[in-house]
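Enquirer: My file is entry.cif. It has mmCIF, C-alpha atoms and all ligand atoms:
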data_final
loop_
_atom_site.label_atom_id
_atom_site.label_comp_id
_atom_site.auth_asym_id
_atom_site.auth_seq_id
_atom_site.Cartn_x
_atom_site.Cartn_y
_atom_site.Cartn_z
CA MET O 1 6.50 4.03 108.69
CA PRO O 2 7.30 5.70 105.33
CA GLY O 3 7.89 9.44 105.11
CA ASN O 4 6.23 11.31 102.27
CA VAL O 5 5.79 8.70 99.57
CA ASP O 6 4.72 11.16 96.86
CA VAL O 7 7.98 10.80 94.94
CA LEU O 8 7.15 7.13 94.28
CA PHE O 9 3.94 8.18 92.60
CA GLU O 10 5.36 10.68 90.13
CA PRO O 11 4.71 9.69 86.51
CA PHE O 12 7.62 8.63 84.32
CA GLU O 13 7.89 9.09 80.58
CA MET O 14 10.59 8.01 78.19
CA GLY O 15 9.59 7.98 74.54
CA ALA O 16 6.81 5.50 74.08
CA LEU O 17 7.00 4.29 77.67
CA LYS O 18 4.53 6.18 79.85
CA LEU O 19 4.27 4.99 83.44
CA ALA O 20 1.80 6.17 86.09
CA ASN O 21 4.41 5.89 88.83
CA ARG O 22 7.99 4.92 89.62
CA ILE O 23 7.38 1.38 90.88
CA VAL O 24 8.51 -1.56 88.74
CA MET O 25 7.64 -5.16 89.52
CA ALA O 26 11.01 -6.97 89.47
CA PRO O 27 11.30 -10.00 87.19
CA MET O 28 10.70 -13.11 89.28
CA THR O 29 10.79 -16.71 88.09
CA ARG O 30 7.68 -18.45 89.39
CA SER O 31 7.82 -21.81 87.57
CA PHE O 32 4.07 -22.07 87.19
CA SER O 33 4.03 -22.59 83.43
CA PRO O 34 3.61 -26.31 82.65
CA GLY O 35 4.79 -27.13 79.15
CA ASN O 36 6.56 -23.76 79.25
CA VAL O 37 3.25 -22.04 78.49
CA PRO O 38 1.92 -19.28 80.77
CA GLY O 39 -1.68 -20.20 81.53
CA GLU O 40 -4.71 -18.40 82.89
CA ASP O 41 -3.38 -18.46 86.45
CA VAL O 42 -0.20 -16.68 85.32
CA ALA O 43 -2.29 -14.09 83.43
CA ALA O 44 -4.42 -13.49 86.53
CA TYR O 45 -1.26 -13.11 88.68
CA TYR O 46 0.13 -10.34 86.47
CA ARG O 47 -3.27 -8.71 86.07
CA ARG O 48 -3.62 -8.46 89.86
CA ARG O 49 -0.34 -6.44 89.99
CA ALA O 50 -1.70 -4.10 87.28
CA GLU O 51 -4.89 -3.70 89.31
CA GLY O 52 -2.68 -3.02 92.31
CA GLY O 53 -1.33 0.03 90.47
CA VAL O 54 2.24 -1.12 89.67
CA GLY O 55 3.77 1.36 87.18
CA LEU O 56 5.69 -1.18 85.08
CA ILE O 57 5.44 -4.95 85.36
CA LEU O 58 8.47 -6.94 84.24
CA THR O 59 7.70 -10.61 83.71
CA GLU O 60 9.65 -13.49 85.09
CA GLY O 61 12.63 -14.59 83.00
CA VAL O 62 11.34 -16.07 79.71
CA SER O 63 13.36 -18.56 77.65
CA THR O 64 14.62 -17.60 74.23
CA ASN O 65 14.67 -21.17 72.93
CA THR O 66 13.39 -24.64 73.83
CA THR O 67 16.76 -26.36 74.08
CA THR O 68 19.65 -24.62 75.82
CA ALA O 69 17.97 -21.59 77.40
CA SER O 70 16.52 -23.15 80.53
CA GLY O 71 17.02 -26.06 82.87
CA THR O 72 14.40 -24.82 85.29
CA PRO O 73 11.10 -26.72 85.18
CA ASN O 74 7.91 -24.89 84.21
CA VAL O 75 9.68 -21.74 83.06
CA PRO O 76 7.77 -20.15 80.16
CA ASN O 77 9.27 -19.50 76.74
CA ILE O 78 8.39 -17.01 74.01
CA VAL O 79 9.12 -19.40 71.17
CA THR O 80 6.23 -21.81 70.64
CA ASP O 81 2.83 -20.75 69.32
CA GLU O 82 1.18 -21.95 72.54
CA ALA O 83 3.53 -19.89 74.70
CA LYS O 84 3.07 -16.80 72.53
CA ALA O 85 -0.70 -17.20 72.83
CA GLY O 86 -0.27 -17.49 76.60
CA TRP O 87 1.70 -14.24 76.68
CA ALA O 88 -0.93 -12.53 74.53
CA ARG O 89 -3.46 -13.43 77.24
CA VAL O 90 -1.15 -12.03 79.94
CA VAL O 91 -0.66 -8.77 78.00
CA SER O 92 -4.33 -8.26 77.30
CA GLY O 93 -5.22 -8.85 80.97
CA VAL O 94 -2.63 -6.34 82.17
CA LYS O 95 -3.71 -3.75 79.58
CA ALA O 96 -7.38 -4.21 80.46
CA ALA O 97 -6.41 -3.26 84.00
CA GLY O 98 -4.55 -0.16 82.76
CA GLY O 99 -1.10 -1.64 83.29
CA VAL O 100 2.18 -1.52 81.37
CA ILE O 101 4.23 -4.70 80.90
CA GLY O 102 7.61 -5.75 79.55
CA VAL O 103 9.05 -9.23 79.12
CA GLN O 104 12.42 -10.31 80.47
CA LEU O 105 14.32 -12.47 77.95
CA TRP O 106 16.47 -15.05 79.69
CA HIS O 107 19.11 -17.58 78.73
CA GLU O 108 20.54 -19.41 81.72
CA GLY O 109 23.90 -20.11 80.09
CA ALA O 110 26.09 -22.43 82.16
CA PHE O 111 23.53 -22.38 84.99
CA ARG O 112 21.24 -24.64 82.96
CA ASN O 113 21.60 -28.19 84.18
CA PRO O 114 21.26 -30.35 81.02
CA ALA O 115 20.31 -33.38 83.11
CA LYS O 116 17.13 -31.62 84.21
CA THR O 117 15.98 -30.86 80.69
CA ALA O 118 14.31 -32.68 77.82
CA HIS O 119 17.61 -32.35 75.94
CA PRO O 120 20.29 -33.73 78.28
CA ASP O 121 22.49 -34.48 75.27
CA ILE O 122 22.73 -30.80 74.30
CA PRO O 123 25.51 -29.07 76.25
CA SER O 124 24.87 -25.76 77.96
CA TRP O 125 26.17 -22.53 76.44
CA SER O 126 28.48 -19.96 77.98
CA ALA O 127 31.28 -17.66 76.88
CA SER O 128 34.13 -19.96 77.92
CA GLY O 129 32.43 -23.07 79.28
CA MET O 130 32.71 -21.87 82.86
CA LYS O 131 30.22 -21.68 85.67
CA VAL O 132 32.73 -20.96 88.41
CA PRO O 133 35.87 -19.01 87.47
CA GLY O 134 38.80 -21.31 86.87
CA LYS O 135 36.66 -24.41 86.50
CA GLN O 136 35.92 -25.56 82.97
CA VAL O 137 32.64 -27.50 82.79
CA GLY O 138 32.01 -27.32 79.05
CA ALA O 139 33.31 -26.05 75.76
CA PRO O 140 33.33 -22.35 74.87
CA MET O 141 30.47 -21.47 72.54
CA SER O 142 31.24 -21.94 68.86
CA ASP O 143 30.73 -19.10 66.39
CA ALA O 144 27.60 -20.85 65.13
CA GLU O 145 26.19 -21.15 68.65
CA ILE O 146 26.88 -17.48 69.32
CA GLU O 147 25.10 -16.53 66.11
CA THR O 148 22.13 -18.70 67.07
CA ALA O 149 21.96 -17.26 70.59
CA ILE O 150 21.98 -13.69 69.24
CA THR O 151 19.27 -14.51 66.70
CA GLU O 152 17.12 -16.10 69.38
CA PHE O 153 17.31 -13.04 71.65
CA VAL O 154 16.42 -10.80 68.70
CA ASP O 155 13.54 -13.06 67.63
CA GLY O 156 12.26 -13.09 71.21
CA ALA O 157 12.21 -9.30 71.31
CA VAL O 158 10.48 -9.08 67.93
CA ALA O 159 7.88 -11.62 69.08
CA ALA O 160 7.35 -9.62 72.29
CA LYS O 161 6.63 -6.47 70.31
CA GLU O 162 4.20 -8.33 68.05
CA ILE O 163 2.42 -9.81 71.06
CA GLY O 164 1.89 -6.31 72.47
CA PHE O 165 4.46 -6.01 75.25
CA ASP O 166 5.39 -2.38 75.97
CA CYS O 167 9.12 -3.06 76.27
CA VAL O 168 11.73 -5.82 76.45
CA GLU O 169 14.38 -6.40 79.10
CA PHE O 170 17.45 -8.49 78.26
CA HIS O 171 18.64 -10.46 81.29
CA GLY O 172 22.30 -9.50 81.34
CA ALA O 173 22.83 -10.11 85.06
CA HIS O 174 23.34 -12.78 87.73
CA SER O 175 25.91 -14.93 85.83
CA TYR O 176 23.57 -16.09 83.07
CA LEU O 177 24.52 -16.28 79.39
CA ILE O 178 24.93 -12.59 78.56
CA ASP O 179 26.65 -11.93 81.90
CA SER O 180 29.11 -14.76 81.25
CA PHE O 181 30.46 -12.61 78.41
CA PHE O 182 30.67 -9.44 80.53
CA TRP O 183 32.73 -10.89 83.38
CA GLU O 184 36.45 -11.27 82.72
CA GLU O 185 36.54 -14.28 85.10
CA THR O 186 34.13 -16.29 82.91
CA ASN O 187 35.03 -14.84 79.51
CA LEU O 188 38.53 -15.94 78.53
CA ARG O 189 37.88 -15.74 74.80
CA THR O 190 40.47 -14.23 72.53
CA ASP O 191 38.21 -13.74 69.49
CA LYS O 192 35.96 -10.75 68.87
CA TRP O 193 33.62 -11.82 71.69
CA GLY O 194 36.19 -11.59 74.48
CA GLY O 195 39.42 -10.02 75.60
CA PRO O 196 40.94 -7.69 78.12
CA ASN O 197 38.85 -4.67 77.21
CA TRP O 198 35.24 -3.91 78.06
CA SER O 199 34.63 -3.26 74.36
CA ASP O 200 35.48 -6.93 73.75
CA ARG O 201 33.32 -8.36 76.51
CA THR O 202 30.31 -6.16 75.70
CA ALA O 203 30.36 -7.18 72.02
CA PHE O 204 27.88 -10.05 72.48
CA ALA O 205 25.28 -7.93 74.30
CA ALA O 206 25.85 -4.98 71.99
CA GLU O 207 25.24 -7.18 68.95
CA ILE O 208 21.95 -8.45 70.44
CA ILE O 209 20.82 -4.89 71.20
CA HIS O 210 21.95 -3.48 67.87
CA ARG O 211 20.23 -6.18 65.83
CA THR O 212 17.10 -5.95 67.94
CA ARG O 213 16.99 -2.19 67.47
CA GLU O 214 17.15 -2.68 63.71
CA ARG O 215 14.13 -4.98 63.86
CA VAL O 216 11.88 -3.24 66.42
CA GLY O 217 12.49 0.36 65.31
CA ALA O 218 13.65 3.44 67.15
CA ASP O 219 10.64 3.82 69.47
CA PHE O 220 10.36 0.41 71.12
CA PRO O 221 11.94 0.63 74.58
CA LEU O 222 14.84 -1.77 75.23
CA LEU O 223 16.11 -2.41 78.75
CA ILE O 224 19.02 -4.46 80.00
CA ARG O 225 19.53 -5.83 83.50
CA LEU O 226 23.10 -5.78 84.78
CA SER O 227 24.65 -6.85 88.07
CA GLN O 228 28.09 -6.55 89.51
CA TRP O 229 27.36 -9.46 91.91
CA LYS O 230 27.40 -13.01 90.62
CA GLN O 231 25.55 -16.06 91.88
CA GLN O 232 28.90 -17.74 92.51
CA ASP O 233 30.36 -14.65 94.18
CA PHE O 234 28.32 -11.92 95.82
CA SER O 235 31.45 -9.80 96.19
CA ALA O 236 32.34 -9.85 92.47
CA ARG O 237 32.93 -6.39 90.99
CA PRO O 238 33.58 -6.65 87.23
CA ALA O 239 33.63 -2.85 87.01
CA LYS O 240 36.18 -1.80 89.60
CA SER O 241 35.79 1.95 89.12
CA PRO O 242 33.36 4.47 87.64
CA ASP O 243 35.66 4.65 84.63
CA GLU O 244 35.32 0.89 84.04
CA LEU O 245 31.57 1.09 84.52
CA ALA O 246 31.43 3.78 81.84
CA GLN O 247 33.33 1.44 79.51
CA TRP O 248 30.72 -1.27 80.23
CA LEU O 249 27.73 0.98 79.62
CA THR O 250 28.83 3.04 76.64
CA PRO O 251 28.79 0.26 74.00
CA LEU O 252 25.32 -0.76 75.19
CA VAL O 253 24.05 2.82 74.88
CA ASP O 254 25.64 3.11 71.44
CA ALA O 255 23.91 -0.13 70.40
CA GLY O 256 20.51 1.30 71.36
CA ILE O 257 19.65 0.51 74.99
CA ASP O 258 17.14 2.91 76.57
CA ILE O 259 17.04 2.01 80.26
CA PHE O 260 19.43 0.20 82.58
CA HIS O 261 18.12 -2.08 85.34
CA CYS O 262 20.84 -2.28 87.96
CA SER O 263 20.53 -5.30 90.20
CA GLN O 264 21.69 -5.09 93.80
CA ARG O 265 20.63 -7.25 96.70
CA ARG O 266 20.35 -4.12 98.90
CA PHE O 267 19.65 -0.87 97.05
CA TRP O 268 21.29 1.36 99.68
CA GLU O 269 24.78 -0.12 99.31
CA PRO O 270 27.32 2.27 97.70
CA GLU O 271 28.97 0.97 94.53
CA PHE O 272 32.36 2.67 94.70
CA GLU O 273 34.46 4.34 97.40
CA ASN O 274 34.02 7.97 98.43
CA SER O 275 30.40 8.27 97.31
CA ASP O 276 27.13 6.83 98.56
CA LEU O 277 25.72 6.53 95.02
CA ASN O 278 24.48 3.00 94.38
CA PHE O 279 24.89 0.94 91.19
CA ALA O 280 21.86 2.52 89.54
CA GLY O 281 22.97 5.97 90.65
CA TRP O 282 26.36 5.61 89.02
CA THR O 283 24.81 4.05 85.92
CA GLN O 284 22.36 6.91 85.48
CA LYS O 285 25.15 9.45 85.98
CA LEU O 286 27.64 7.79 83.61
CA SER O 287 25.28 6.69 80.84
CA GLY O 288 22.87 9.62 80.79
CA LYS O 289 20.07 7.03 80.57
CA PRO O 290 17.29 6.34 83.06
CA ALA O 291 18.15 3.67 85.63
CA ILE O 292 16.07 1.27 87.70
CA SER O 293 17.35 0.31 91.13
CA VAL O 294 16.28 -2.73 93.16
CA GLY O 295 17.04 -4.69 96.30
CA SER O 296 15.26 -5.25 99.61
CA VAL O 297 12.75 -2.45 99.20
CA GLY O 298 10.34 -2.48 102.12
CA LEU O 299 11.84 -5.63 103.64
CA SER O 300 14.49 -6.20 106.30
CA GLY O 301 16.34 -9.10 104.64
CA GLU O 302 17.60 -9.74 101.10
CA PHE O 303 16.25 -12.22 98.59
CA THR O 304 18.93 -14.90 98.45
CA ALA O 305 18.68 -15.32 102.23
CA ALA O 306 14.91 -15.56 101.77
CA TYR O 307 15.44 -18.60 99.50
CA ALA O 308 17.36 -20.17 102.37
CA GLY O 309 14.45 -19.61 104.72
CA GLU O 310 15.13 -16.22 106.34
CA VAL O 311 11.94 -14.34 107.15
CA SER O 312 11.94 -10.60 106.36
CA GLN O 313 10.00 -7.96 108.28
CA PRO O 314 8.41 -4.90 106.68
CA ALA O 315 10.99 -2.10 106.70
CA SER O 316 11.08 1.68 106.35
CA LEU O 317 11.03 3.33 102.91
CA ASP O 318 12.71 6.51 104.17
CA GLU O 319 16.12 5.82 102.61
CA LEU O 320 14.48 4.94 99.28
CA ILE O 321 12.46 8.15 99.37
CA ARG O 322 15.57 10.19 100.19
CA ARG O 323 17.46 8.77 97.20
CA MET O 324 14.52 9.13 94.84
CA GLU O 325 13.94 12.73 95.92
CA ALA O 326 17.64 13.31 95.16
CA ARG O 327 16.98 11.83 91.66
CA GLU O 328 19.77 9.31 92.19
CA PHE O 329 17.85 6.89 89.98
CA ASP O 330 14.56 7.07 88.09
CA LEU O 331 12.61 3.94 88.94
CA ILE O 332 12.65 1.36 91.71
CA ALA O 333 11.91 -2.32 91.25
CA VAL O 334 10.19 -4.27 94.00
CA GLY O 335 10.40 -8.05 94.09
CA ARG O 336 9.22 -10.07 97.03
CA ALA O 337 6.89 -7.46 98.52
CA LEU O 338 4.89 -7.51 95.27
CA LEU O 339 5.20 -11.27 94.81
CA GLN O 340 3.47 -11.75 98.11
CA ASP O 341 0.97 -8.90 97.98
CA PRO O 342 -0.49 -7.49 94.74
CA ASP O 343 -1.88 -4.55 96.74
CA TRP O 344 1.44 -3.63 98.38
CA LEU O 345 1.65 -0.35 96.49
CA LYS O 346 -1.89 0.72 97.40
CA LYS O 347 -1.09 0.02 101.04
CA ILE O 348 2.05 2.16 100.80
CA ARG O 349 0.13 4.96 99.08
CA ASP O 350 -2.63 4.92 101.67
CA GLY O 351 -0.35 4.54 104.69
CA ARG O 352 -1.91 1.18 105.61
CA ASN O 353 1.38 0.08 107.17
CA ASP O 354 -0.23 -2.21 109.71
CA GLU O 355 -1.41 -4.33 106.75
CA LEU O 356 2.13 -4.93 105.40
CA ALA O 357 3.16 -8.54 105.95
CA VAL O 358 6.37 -10.39 106.72
CA PHE O 359 7.89 -12.24 103.74
CA SER O 360 8.72 -15.91 104.02
CA LYS O 361 9.53 -18.36 101.26
CA ASP O 362 6.12 -19.97 101.78
CA ALA O 363 4.89 -17.20 99.46
CA LEU O 364 6.72 -18.92 96.58
CA ALA O 365 4.47 -21.97 96.78
CA THR O 366 1.39 -20.24 95.43
CA LEU O 367 0.68 -17.91 92.55
CA TYR O 368 -1.71 -15.42 94.05
C1 LIG S 401 11.33 -15.95 93.52
C2 LIG S 401 12.31 -15.04 92.83
C3 LIG S 401 12.58 -15.25 91.48
C4 LIG S 401 13.47 -14.41 90.80
N1 LIG S 401 13.66 -14.57 89.45
C5 LIG S 401 14.37 -13.65 88.75
C6 LIG S 401 14.39 -13.67 87.32
O1 LIG S 401 13.76 -14.50 86.65
N2 LIG S 401 15.13 -12.71 86.69
C7 LIG S 401 15.83 -11.77 87.38
O2 LIG S 401 16.49 -10.92 86.76
N3 LIG S 401 15.81 -11.71 88.73
C8 LIG S 401 15.07 -12.60 89.43
N4 LIG S 401 14.96 -12.49 90.80
C9 LIG S 401 15.56 -11.33 91.48
C10 LIG S 401 14.54 -10.20 91.60
O3 LIG S 401 14.24 -9.64 90.34
C11 LIG S 401 15.03 -9.06 92.51
O4 LIG S 401 16.18 -8.48 91.94
C12 LIG S 401 15.34 -9.54 93.92
O5 LIG S 401 14.28 -10.32 94.43
C13 LIG S 401 15.58 -8.37 94.85
O6 LIG S 401 14.38 -7.63 95.03
P1 LIG S 401 13.54 -7.75 96.41
O7 LIG S 401 14.54 -7.61 97.51
O8 LIG S 401 12.57 -6.61 96.34
O9 LIG S 401 12.89 -9.09 96.43
C14 LIG S 401 14.10 -13.33 91.50
C15 LIG S 401 13.82 -13.15 92.86
C16 LIG S 401 12.93 -13.97 93.51
C17 LIG S 401 12.62 -13.70 94.97
#
I'd like the structure from this file rewritten - as structure tokens, please.
Ligand SMILES: Cc1cc2nc3c(=O)[nH]c(=O)nc-3n(C[C@H](O)[C@H](O)[C@H](O)COP(=O)(O)O)c2cc1C

Expert:
Amino acid sequence: MPGNVDVLFEPFEMGALKLANRIVMAPMTRSFSPGNVPGEDVAAYYRRRAEGGVGLILTEGVSTNTTTASGTPNVPNIVTDEAKAGWARVVSGVKAAGGVIGVQLWHEGAFRNPAKTAHPDIPSWSASGMKVPGKQVGAPMSDAEIETAITEFVDGAVAAKEIGFDCVEFHGAHSYLIDSFFWEETNLRTDKWGGPNWSDRTAFAAEIIHRTRERVGADFPLLIRLSQWKQQDFSARPAKSPDELAQWLTPLVDAGIDIFHCSQRRFWEPEFENSDLNFAGWTQKLSGKPAISVGSVGLSGEFTAAYAGEVSQPASLDELIRRMEAREFDLIAVGRALLQDPDWLKKIRDGRNDELAVFSKDALATLY
């Protein structure tokens, strides 16, 4: 099925980050961490992907506090001593297998359902108290809450470095807390954290990055995940032109971001008219920074349809190879194919295409 896959296996180096190949395991919430602590089974799960030769493993989204950050059961945090010890076990297992691993720091923002948490009395946080544009479900974050949220992201990144993670990714995509500031439809603030200009709506993320950079030093790689699409609206396009995208990216680069992770549901979809460059392609071109692409690699259907029960077939990698050979983006993240099969990359490398499996949501039920 695939053409010449060699381009996927080229090493990648950016400062302290040295990867054996171009494949990134996409961050995927697995909800197998009772008490919000990643246990031995979680450590074994990540270690298997390192043994399977994945260039960079990004963890599932990890909560930055124990109150407002998550309403999803069994999602791990990086706050308590027990959780930090759990992550230390994950990191040492991955390193023993020769792998490289970064943590994704996650705050669900308005998508946290307080009723499902141990703190139903604490309201959820978001830029303007909105989950869906035009519909107020809570109060805009106060200055004190914004300060706390920033501090918690920074502390999470500092803890990650101390634990031994090789990099940190801030989850700035998919409508969660950071993304609620980026999108003009959910950020109606008129103070320094919002406004009509991209420089206003990037201020929250830029402050997190800037303060993290001050604490972790110049060499520790910082990534941010961005998406144009929103959970409430797959067709959302906060950046309507390359010029607007540049205005989004530049403050984040200036604050100290090293790599952009550009989330699409299908990596081959062009971002703007009159070019077939995708979101990562434009981001790499406009920011001058390495970019990770993602979305339906090696599978026929996309991931939100998979949640709803659609079964995906193994699919050709030819288009991915073409774009990577053209250097459109630097790295490619793979989600479901690696969730289901820790040896997916070895099978691709060795041309064992008859061993590639269909993906169905049954794979979510176990943590192999
Ligand atoms: C079970 C599951 C959990 C996910 N959890 C996260 C998450 O915690 N953070 C995140 O940024 N994206 C998350 N995603 C999105 C993936 O990172 C990825 O972008 C998406 O699955 C598309 O890649 P794929 O088509 O290769 O699966 C999740 C996807 C799946 C399937």

Enquirer: List as a PyMOL selection string the protein and nucleic acid residues lying within 6 Å of ligand LIG 401 (chain S), with only C-alpha atoms and all ligand atoms counted.

Expert: chain O and resi 26-29+60-61+171+263+265+294-297+302-303+334-336

Enquirer: Would you mind telling me which residue in O:Thr151, O:Ser180, O:Ser293, O:Asn77 lies nearest to His210 (chain O) when using all atoms listed in the file?

Expert: O:Thr151

Enquirer: What gap, in Å, lies between CA of Gly93 (chain O) and CA of Gly351 (chain O)?

Expert: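 It comes out at 27.7 Å.
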
Enquirer: Could you state the separation of CA of Gly256 (chain O) and CA of Ala83 (chain O) in Å, given to one decimal place?

Expert: 27.4 Å

Enquirer: Sort by chain and increasing residue number a table of all residues of region 66-183 of chain O within 7 Å of region 200-206 of chain O, each with its closest pair of atoms and their distance in Å to one decimal, counting only C-alpha atoms, and write it as JSON lines.

Expert:
{"residue": "O:Ile178", "atom": "CA", "partner": "O:Ala205", "partner_atom": "CA", "distance": 6.3}
{"residue": "O:Phe181", "atom": "CA", "partner": "O:Arg201", "partner_atom": "CA", "distance": 5.5}
{"residue": "O:Phe182", "atom": "CA", "partner": "O:Arg201", "partner_atom": "CA", "distance": 4.9}

Enquirer: Could you check how far CA of Ser31 (chain O) sits from CA of Asn74 (chain O), in Å to one decimal?

Expert: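 The value is 4.6 Å.
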
Enquirer: Between O:Glu108, O:Glu271, O:Ile257, O:Val75, which has the minimum distance to Arg211 (chain O) (counting all atoms listed in the file)?

Expert: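 Under the stated criterion, the closest residue is O:Ile257.
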
Enquirer: With distances taken over all atoms listed in the file, which residue among O:Gly102, O:Gly134, O:Pro221, O:Pro342 lies nearest Thr59 (chain O)?

Expert: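 Using all atoms listed in the file, Thr59 (chain O) sits closest to O:Gly102.
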
Enquirer: If you count only C-alpha atoms, which residues fall within 10 Å of Phe153 (chain O), apart from same-chain ones fewer than 6 positions away, as a ChimeraX atom specification?

Expert: /O:63-65,105-107,159,170,205,208-209,211-212

Enquirer: Skipping near chain neighbours, those fewer than 4 positions away, what residues fall within 10 Å of Asp341 (chain O) using only C-alpha atoms, listed as JSON, numbers by chain?

Expert: {"O": [48, 49, 52, 336, 337, 345, 347, 356, 357, 359, 363, 368]}

Enquirer: Keeping only C-alpha atoms, write those residues as a JSON list (two decimals), keeping the file's coordinate frame.

Expert:
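Once written, again_19.json looks like this:
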[["chain", "number", "residue", "atom", "x", "y", "z"],
["O", 48, "ARG", "CA", -3.62, -8.46, 89.86],
["O", 49, "ARG", "CA", -0.34, -6.44, 89.99],
["O", 52, "GLY", "CA", -2.68, -3.02, 92.31],
["O", 336, "ARG", "CA", 9.22, -10.07, 97.03],
["O", 337, "ALA", "CA", 6.89, -7.46, 98.52],
["O", 345, "LEU", "CA", 1.65, -0.35, 96.49],
["O", 347, "LYS", "CA", -1.09, 0.02, 101.04],
["O", 356, "LEU", "CA", 2.13, -4.93, 105.40],
["O", 357, "ALA", "CA", 3.16, -8.54, 105.95],
["O", 359, "PHE", "CA", 7.89, -12.24, 103.74],
["O", 363, "ALA", "CA", 4.89, -17.20, 99.46],
["O", 368, "TYR", "CA", -1.71, -15.42, 94.05]]

Enquirer: Under the rule that only C-alpha atoms are counted, which of O:Val90, O:Val37, O:Gln264, O:Asp343 is the nearest residue to Ser235 (chain O)?

Expert: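 Checking each of O:Val90, O:Val37, O:Gln264, O:Asp343 against Ser235 (chain O), counting only C-alpha atoms, the winner is O:Gln264.
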
Enquirer: Using all atoms listed in the file, pick whichever of O:Glu13, O:Asn36, O:Trp87, O:Asp41 has the shortest atom-to-atom distance to Leu367 (chain O).

Expert: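 Once distances to Leu367 (chain O) are computed over all atoms listed in the file, the minimum belongs to O:Asp41.
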
Enquirer: Which one of O:Ile23, O:Met14, O:Met130, O:Ile78 sits closest to Met324 (chain O) if you count only C-alpha atoms?

Expert: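 Closest to Met324 (chain O), using only C-alpha atoms: O:Ile23.
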